[in-house]
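Q: Before anything else, here's the structure in question.
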Amino acid sequence: MGIEFTRSDFEKFRQFFYRKTGIFFPDSKKDFVEKRIIKRIEETGHSSFRAYFNFIRFDRSSDEIQNLINLLTINETYFFREKYQFECLVENVLNEIYEYKEPDEVIRIWSIPCSSGEEPYSIAIYLLEYWPLIDEVDVEIIASDIDTNVLDKAKKGIYNYRSVKNLPKHLLRKYFKKLSNDRYEIIDDLKEAIDFRQLNLFDPRQNKEYRYIDVIFCRNMLIYFDDESRLKAAQIFYDAMNPGGFIFLGHSESMSRICSLFKVRKFKQGIVYQKPF
Ligand SMILES: C[S@@+](CC[C@H](N)C(=O)[O-])C[C@H]1O[C@@H](n2cnc3c(N)ncnc32)[C@H](O)[C@@H]1O
């Protein structure tokens, strides 16, 4: 007989996973979760969900939990996704930040979650191509995600055509080596420009290392959280940011629906949220 994954197993597992990651699986995701859990139960040689669940709850190394996280996160992303936000960054937001910075002060941009790297690399390309002050200012780009597989991919920087197809041809030629018709590798200078780090946003030991951030890109992650974890995330971002810093969310996400910690700023390219001074 095959391994069973009952309604109550799903309930137990989703609470456990939610406490670890903030990600809440609605009922409609039961089949998605079940398929992946059964695969891991079989691959780790356990005979039932109960045995496997005990194993992950008491697994001090957390290796198996990481395997599950890597299987259960949705990592969809691509270069120049919602590019009007990068336009807003180089045409408005960075100029405002530059105005109130001391000379020689660093500007810190944090892409969280960065998935396989397309977002932070897009930010870097936008800065190099379209922000005239880039040669005068020291900009750091930090990029984090909970999923170790996507971070490995980000560091390797090899993408298929689907990922890069929104890039104008001249930028594809300039910033990538073409390995084959469907494989493009980002140039080493860009790989070295991004500081990729593994992070579970809700791990207080990890998130307290992120401070003095001027711009956050937090796009397409809050949609997987419930209201409580969205509020926690907003508080974590608030603590990580410099006063006056900006935060970009995905097009279906809204900070005003979560809390009133941030001011709404309307630019011609859309809404951005700002931590008050
Ligand atoms: C759909 S991708 C978004 C990527 C990119 N920001 C974009 O919009 O194209 C969502 C990412 O959120 C990450 N994620 C989910 N929960 C997380 C958490 N608690 N801490 C850090 N990253 C998390 C997932 O691993 C996944 O790579």
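Each chain of the structure tokens is named A, B, ... in the order shown, its residues numbered from 1; ligands are numbered from 1 in display order.
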Residues at most 7 Å from A:Ile213, counting only C-alpha atoms, excluding those fewer than 4 positions away in the same chain, as a list in words?
A: Arg108, Ile109, Trp110, Ala240, Met241 and Asn242 of chain A
Q: May I have a table of the residues of chain A lying at most 6 Å from ligand 1, giving each one's closest pair of atoms and their distance in Å to one decimal, counting only C-alpha atoms and all ligand atoms, ordered by chain and ascending residue number, as a Markdown table?
A:
| residue | atom | partner | partner_atom_place_in_ligand_line | distance |
| --- | --- | --- | --- | --- |
| A:Thr21 | CA | ligand 1 | 19 (N) | 4.2 |
| A:Gly22 | CA | ligand 1 | 19 (N) | 5.6 |
| A:Ile23 | CA | ligand 1 | 16 (N) | 6.0 |
| A:Thr73 | CA | ligand 1 | 25 (O) | 4.9 |
| A:Ile74 | CA | ligand 1 | 26 (C) | 5.2 |
| A:Asn75 | CA | ligand 1 | 27 (O) | 4.0 |
| A:Glu76 | CA | ligand 1 | 1 (C) | 4.5 |
| A:Thr77 | CA | ligand 1 | 9 (O) | 3.6 |
| A:Tyr78 | CA | ligand 1 | 9 (O) | 5.9 |
| A:Pro113 | CA | ligand 1 | 12 (O) | 4.8 |
| A:Cys114 | CA | ligand 1 | 6 (N) | 4.9 |
| A:Ser115 | CA | ligand 1 | 27 (O) | 3.7 |
| A:Glu119 | CA | ligand 1 | 5 (C) | 5.8 |
| A:Asp145 | CA | ligand 1 | 22 (N) | 4.0 |
| A:Ile146 | CA | ligand 1 | 21 (C) | 4.0 |
| A:Asp147 | CA | ligand 1 | 25 (O) | 4.5 |
| A:Leu199 | CA | ligand 1 | 21 (C) | 5.5 |
| A:Asn200 | CA | ligand 1 | 20 (N) | 3.8 |
| A:Leu201 | CA | ligand 1 | 20 (N) | 3.9 |
| A:Phe202 | CA | ligand 1 | 19 (N) | 5.7 |
| A:Cys218 | CA | ligand 1 | 6 (N) | 5.9 |
| A:Arg219 | CA | ligand 1 | 8 (O) | 4.3 |
| A:Asn220 | CA | ligand 1 | 8 (O) | 4.6 |
| A:Met221 | CA | ligand 1 | 10 (C) | 4.7 |
Q: Write the residues of the preceding selection, restricted to N, CA and C atoms, as an mmCIF file, in the first residue's frame.
A:
data_model
loop_
_atom_site.group_PDB
_atom_site.id
_atom_site.type_symbol
_atom_site.label_atom_id
_atom_site.label_comp_id
_atom_site.auth_asym_id
_atom_site.auth_seq_id
_atom_site.Cartn_x
_atom_site.Cartn_y
_atom_site.Cartn_z
ATOM 1 N N THR A 21 8.479 29.190 8.335
ATOM 2 C CA THR A 21 8.770 30.027 7.161
ATOM 3 C C THR A 21 7.831 31.213 6.962
ATOM 4 N N GLY A 22 6.683 31.214 7.645
ATOM 5 C CA GLY A 22 5.679 32.254 7.387
ATOM 6 C C GLY A 22 4.787 31.913 6.210
ATOM 7 N N ILE A 23 5.146 30.859 5.464
ATOM 8 C CA ILE A 23 4.346 30.485 4.281
ATOM 9 C C ILE A 23 3.142 29.662 4.736
ATOM 10 N N THR A 73 8.883 25.927 -1.970
ATOM 11 C CA THR A 73 8.785 27.356 -2.273
ATOM 12 C C THR A 73 8.539 27.537 -3.779
ATOM 13 N N ILE A 74 7.867 28.619 -4.105
ATOM 14 C CA ILE A 74 7.590 28.944 -5.517
ATOM 15 C C ILE A 74 8.601 30.006 -5.913
ATOM 16 N N ASN A 75 9.422 29.698 -6.906
ATOM 17 C CA ASN A 75 10.580 30.556 -7.200
ATOM 18 C C ASN A 75 10.468 31.339 -8.507
ATOM 19 N N GLU A 76 9.286 31.388 -9.083
ATOM 20 C CA GLU A 76 9.077 32.057 -10.374
ATOM 21 C C GLU A 76 9.692 33.469 -10.387
ATOM 22 N N THR A 77 10.498 33.751 -11.378
ATOM 23 C CA THR A 77 11.105 35.084 -11.526
ATOM 24 C C THR A 77 11.732 35.189 -12.913
ATOM 25 N N TYR A 78 12.051 36.389 -13.361
ATOM 26 C CA TYR A 78 12.746 36.553 -14.647
ATOM 27 C C TYR A 78 13.344 37.961 -14.705
ATOM 28 N N PRO A 113 12.722 38.510 -1.490
ATOM 29 C CA PRO A 113 13.532 37.361 -1.840
ATOM 30 C C PRO A 113 14.105 37.534 -3.252
ATOM 31 N N CYS A 114 15.314 36.993 -3.430
ATOM 32 C CA CYS A 114 15.964 37.187 -4.741
ATOM 33 C C CYS A 114 15.764 35.991 -5.654
ATOM 34 N N SER A 115 15.254 34.868 -5.105
ATOM 35 C CA SER A 115 15.113 33.639 -5.893
ATOM 36 C C SER A 115 16.430 33.337 -6.631
ATOM 37 N N GLU A 119 16.310 39.175 -10.183
ATOM 38 C CA GLU A 119 15.936 40.507 -9.675
ATOM 39 C C GLU A 119 17.176 41.349 -9.287
ATOM 40 N N ASP A 145 17.552 34.775 0.030
ATOM 41 C CA ASP A 145 16.401 33.895 -0.146
ATOM 42 C C ASP A 145 16.538 32.743 0.848
ATOM 43 N N ILE A 146 15.412 32.125 1.160
ATOM 44 C CA ILE A 146 15.424 30.992 2.094
ATOM 45 C C ILE A 146 15.872 29.705 1.398
ATOM 46 N N ASP A 147 15.737 29.661 0.070
ATOM 47 C CA ASP A 147 15.910 28.424 -0.696
ATOM 48 C C ASP A 147 17.366 28.312 -1.165
ATOM 49 N N LEU A 199 18.839 33.306 3.803
ATOM 50 C CA LEU A 199 18.146 33.931 4.928
ATOM 51 C C LEU A 199 16.706 33.423 5.018
ATOM 52 N N ASN A 200 16.334 32.982 6.209
ATOM 53 C CA ASN A 200 14.910 32.828 6.502
ATOM 54 C C ASN A 200 14.500 34.133 7.165
ATOM 55 N N LEU A 201 13.668 34.897 6.493
ATOM 56 C CA LEU A 201 13.305 36.228 6.987
ATOM 57 C C LEU A 201 12.842 36.204 8.441
ATOM 58 N N PHE A 202 12.226 35.091 8.858
ATOM 59 C CA PHE A 202 11.644 35.061 10.209
ATOM 60 C C PHE A 202 12.597 34.534 11.273
ATOM 61 N N CYS A 218 10.920 43.802 -2.149
ATOM 62 C CA CYS A 218 10.299 42.601 -1.579
ATOM 63 C C CYS A 218 9.101 42.276 -2.465
ATOM 64 N N ARG A 219 9.374 41.607 -3.567
ATOM 65 C CA ARG A 219 8.310 41.415 -4.554
ATOM 66 C C ARG A 219 7.925 39.936 -4.637
ATOM 67 N N ASN A 220 6.625 39.716 -4.568
ATOM 68 C CA ASN A 220 6.072 38.376 -4.787
ATOM 69 C C ASN A 220 6.506 37.348 -3.741
ATOM 70 N N MET A 221 6.580 37.764 -2.498
ATOM 71 C CA MET A 221 6.754 36.833 -1.377
ATOM 72 C C MET A 221 5.589 36.958 -0.391
#
Q: Looking only at the backbone, which of the residues in stretch 22-236 of chain A does DSSP tag as helix (DSSP H, G or I), as a PyMOL selection string?
A: chain A and resi 27-43+49-57+63-72+84-100+118-130+132-135+148-156+161-164+169-175+188-193+204-207+222-224+227-236
Q: Excluding same-chain residues fewer than 6 positions from A:Asp138, what lies within 8 Å of it counting only C-alpha atoms, as JSON, numbers by chain?
A: {"A": [104, 105, 106, 107]}
Q: Keeping only C-alpha atoms, take the residues you just selected and write them out as a compact mmCIF listing (two decimals), in the first residue's frame.
A:
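New file again-v6.txt:
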# COMPACT_ATOMS: atom_id res chain seq x y z
CA ASP A 104 31.10 58.82 0.77
CA GLU A 105 28.08 57.18 2.43
CA VAL A 106 27.10 53.84 0.92
CA ILE A 107 23.63 53.22 -0.54
Q: Residues within 12 Å of A:Glu129, please, as a VMD selection string. Count only C-alpha atoms; anything in the same chain fewer than 2 positions from it doesn't count.
A: chain A and resid 86 to 87 90 to 91 122 to 127 131 to 135 168 170 to 171 174 to 175
Q: Mind dumping a table of every stretch 67-129 of chain A residue within 12 Å of stretch 39-58 of chain A, with the nearest atom pair and its distance in Å to one decimal, using only C-alpha atoms, sorted by chain and rising number, as a tab-separated table?
A:
residue	atom	partner	partner_atom	distance
A:Asn67	CA	A:Arg40	CA	8.4
A:Leu68	CA	A:Arg40	CA	7.7
A:Ile69	CA	A:Arg40	CA	11.4
A:Asn70	CA	A:Arg40	CA	11.5
A:Leu71	CA	A:Arg40	CA	9.4
A:Leu72	CA	A:Arg40	CA	11.3
Q: Please produce a file of those selected residues containing N, CA and C atoms, as a short mmCIF file (atom, residue, chain, number, x, y, z; two decimals), in the first residue's frame.
A:
data_model
loop_
_atom_site.label_atom_id
_atom_site.label_comp_id
_atom_site.auth_asym_id
_atom_site.auth_seq_id
_atom_site.Cartn_x
_atom_site.Cartn_y
_atom_site.Cartn_z
N ASN A 67 15.62 20.71 2.69
CA ASN A 67 15.19 20.01 1.47
C ASN A 67 13.72 20.29 1.17
N LEU A 68 12.91 20.27 2.24
CA LEU A 68 11.47 20.52 2.05
C LEU A 68 11.22 21.95 1.60
N ILE A 69 11.92 22.89 2.24
CA ILE A 69 11.76 24.30 1.87
C ILE A 69 12.10 24.47 0.39
N ASN A 70 13.19 23.83 -0.04
CA ASN A 70 13.60 23.96 -1.44
C ASN A 70 12.53 23.40 -2.39
N LEU A 71 11.83 22.35 -1.92
CA LEU A 71 10.80 21.75 -2.78
C LEU A 71 9.48 22.52 -2.76
N LEU A 72 9.21 23.20 -1.65
CA LEU A 72 7.86 23.76 -1.46
C LEU A 72 7.76 25.26 -1.73
#
Q: One decimal, Å: what's the distance from atom CA of A:Gln206 over to atom CA of A:Ile141, could you say?
A: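 These atoms are spaced 17.4 Å apart.
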Q: If you measure from atom CA of A:Tyr161 to atom CA of A:Arg81, what distance in Å do you get, rounded to one decimal?
A: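 Going from atom CA of A:Tyr161 over to atom CA of A:Arg81 covers 14.2 Å.
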Q: Per residue of stretch 121-166 of chain A within 8 Å of stretch 186-198 of chain A, record the nearest atom pair and its distance in Å to one decimal, counting only C-alpha atoms, with rows in chain order and ascending residue number, as JSON lines.
A:
{"residue": "A:Tyr121", "atom": "CA", "partner": "A:Leu190", "partner_atom": "CA", "distance": 7.0}
{"residue": "A:Ala124", "atom": "CA", "partner": "A:Leu190", "partner_atom": "CA", "distance": 7.3}
{"residue": "A:Glu140", "atom": "CA", "partner": "A:Ile194", "partner_atom": "CA", "distance": 7.5}
{"residue": "A:Ile141", "atom": "CA", "partner": "A:Ile194", "partner_atom": "CA", "distance": 5.4}
{"residue": "A:Ile142", "atom": "CA", "partner": "A:Asp195", "partner_atom": "CA", "distance": 4.7}
{"residue": "A:Ala143", "atom": "CA", "partner": "A:Phe196", "partner_atom": "CA", "distance": 4.8}
{"residue": "A:Ser144", "atom": "CA", "partner": "A:Arg197", "partner_atom": "CA", "distance": 4.9}
{"residue": "A:Asp145", "atom": "CA", "partner": "A:Gln198", "partner_atom": "CA", "distance": 5.4}
{"residue": "A:Ile146", "atom": "CA", "partner": "A:Gln198", "partner_atom": "CA", "distance": 5.6}
{"residue": "A:Asp147", "atom": "CA", "partner": "A:Gln198", "partner_atom": "CA", "distance": 7.2}
{"residue": "A:Thr148", "atom": "CA", "partner": "A:Gln198", "partner_atom": "CA", "distance": 6.6}
{"residue": "A:Leu151", "atom": "CA", "partner": "A:Phe196", "partner_atom": "CA", "distance": 7.0}
{"residue": "A:Ala154", "atom": "CA", "partner": "A:Phe196", "partner_atom": "CA", "distance": 7.9}
{"residue": "A:Lys155", "atom": "CA", "partner": "A:Lys191", "partner_atom": "CA", "distance": 6.6}
{"residue": "A:Lys156", "atom": "CA", "partner": "A:Lys191", "partner_atom": "CA", "distance": 8.0}
{"residue": "A:Gly157", "atom": "CA", "partner": "A:Ile186", "partner_atom": "CA", "distance": 5.3}
{"residue": "A:Ile158", "atom": "CA", "partner": "A:Ile186", "partner_atom": "CA", "distance": 6.5}
Q: Put those residues in a file: C-alpha atoms, as a PDB file, in the first residue's frame.
A:
ATOM      1  CA  TYR A 121      21.046  41.288 -11.439  1.00  0.00           C
ATOM      2  CA  ALA A 124      22.585  46.037 -11.096  1.00  0.00           C
ATOM      3  CA  GLU A 140      25.910  47.658  -2.304  1.00  0.00           C
ATOM      4  CA  ILE A 141      23.394  45.078  -3.500  1.00  0.00           C
ATOM      5  CA  ILE A 142      22.538  42.330  -1.036  1.00  0.00           C
ATOM      6  CA  ALA A 143      20.297  39.488  -2.172  1.00  0.00           C
ATOM      7  CA  SER A 144      18.730  36.827   0.054  1.00  0.00           C
ATOM      8  CA  ASP A 145      16.401  33.895  -0.146  1.00  0.00           C
ATOM      9  CA  ILE A 146      15.424  30.992   2.094  1.00  0.00           C
ATOM     10  CA  ASP A 147      15.910  28.424  -0.696  1.00  0.00           C
ATOM     11  CA  THR A 148      19.502  27.155  -1.032  1.00  0.00           C
ATOM     12  CA  LEU A 151      20.828  30.714  -4.382  1.00  0.00           C
ATOM     13  CA  ALA A 154      21.967  32.697  -8.663  1.00  0.00           C
ATOM     14  CA  LYS A 155      25.677  32.446  -7.879  1.00  0.00           C
ATOM     15  CA  LYS A 156      26.309  30.335 -10.997  1.00  0.00           C
ATOM     16  CA  GLY A 157      24.347  32.882 -13.020  1.00  0.00           C
ATOM     17  CA  ILE A 158      23.321  30.581 -15.881  1.00  0.00           C
TER      18      ILE A 158
END
Q: Distance atom CA of A:Val139-atom CA of A:Gln274, one decimal place?
A: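 According to the coordinates, atom CA of A:Val139 and atom CA of A:Gln274 are separated by 18.9 Å.
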Q: Which one is closest to A:Lys83: A:Leu167, A:Ile271, A:Leu222, A:Cys259? Count only C-alpha atoms.
A: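 Answer, going by the shortest atom-to-atom distance: A:Leu167.
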Q: Quick one: pick out all strand (DSSP E) residues within stretch 33-238 of chain A from a backbone DSSP run and write them as an MDAnalysis selection string.
A: chainID A and resid 107:111 139:145 158:159 176:180 183:186 194:198 213:218
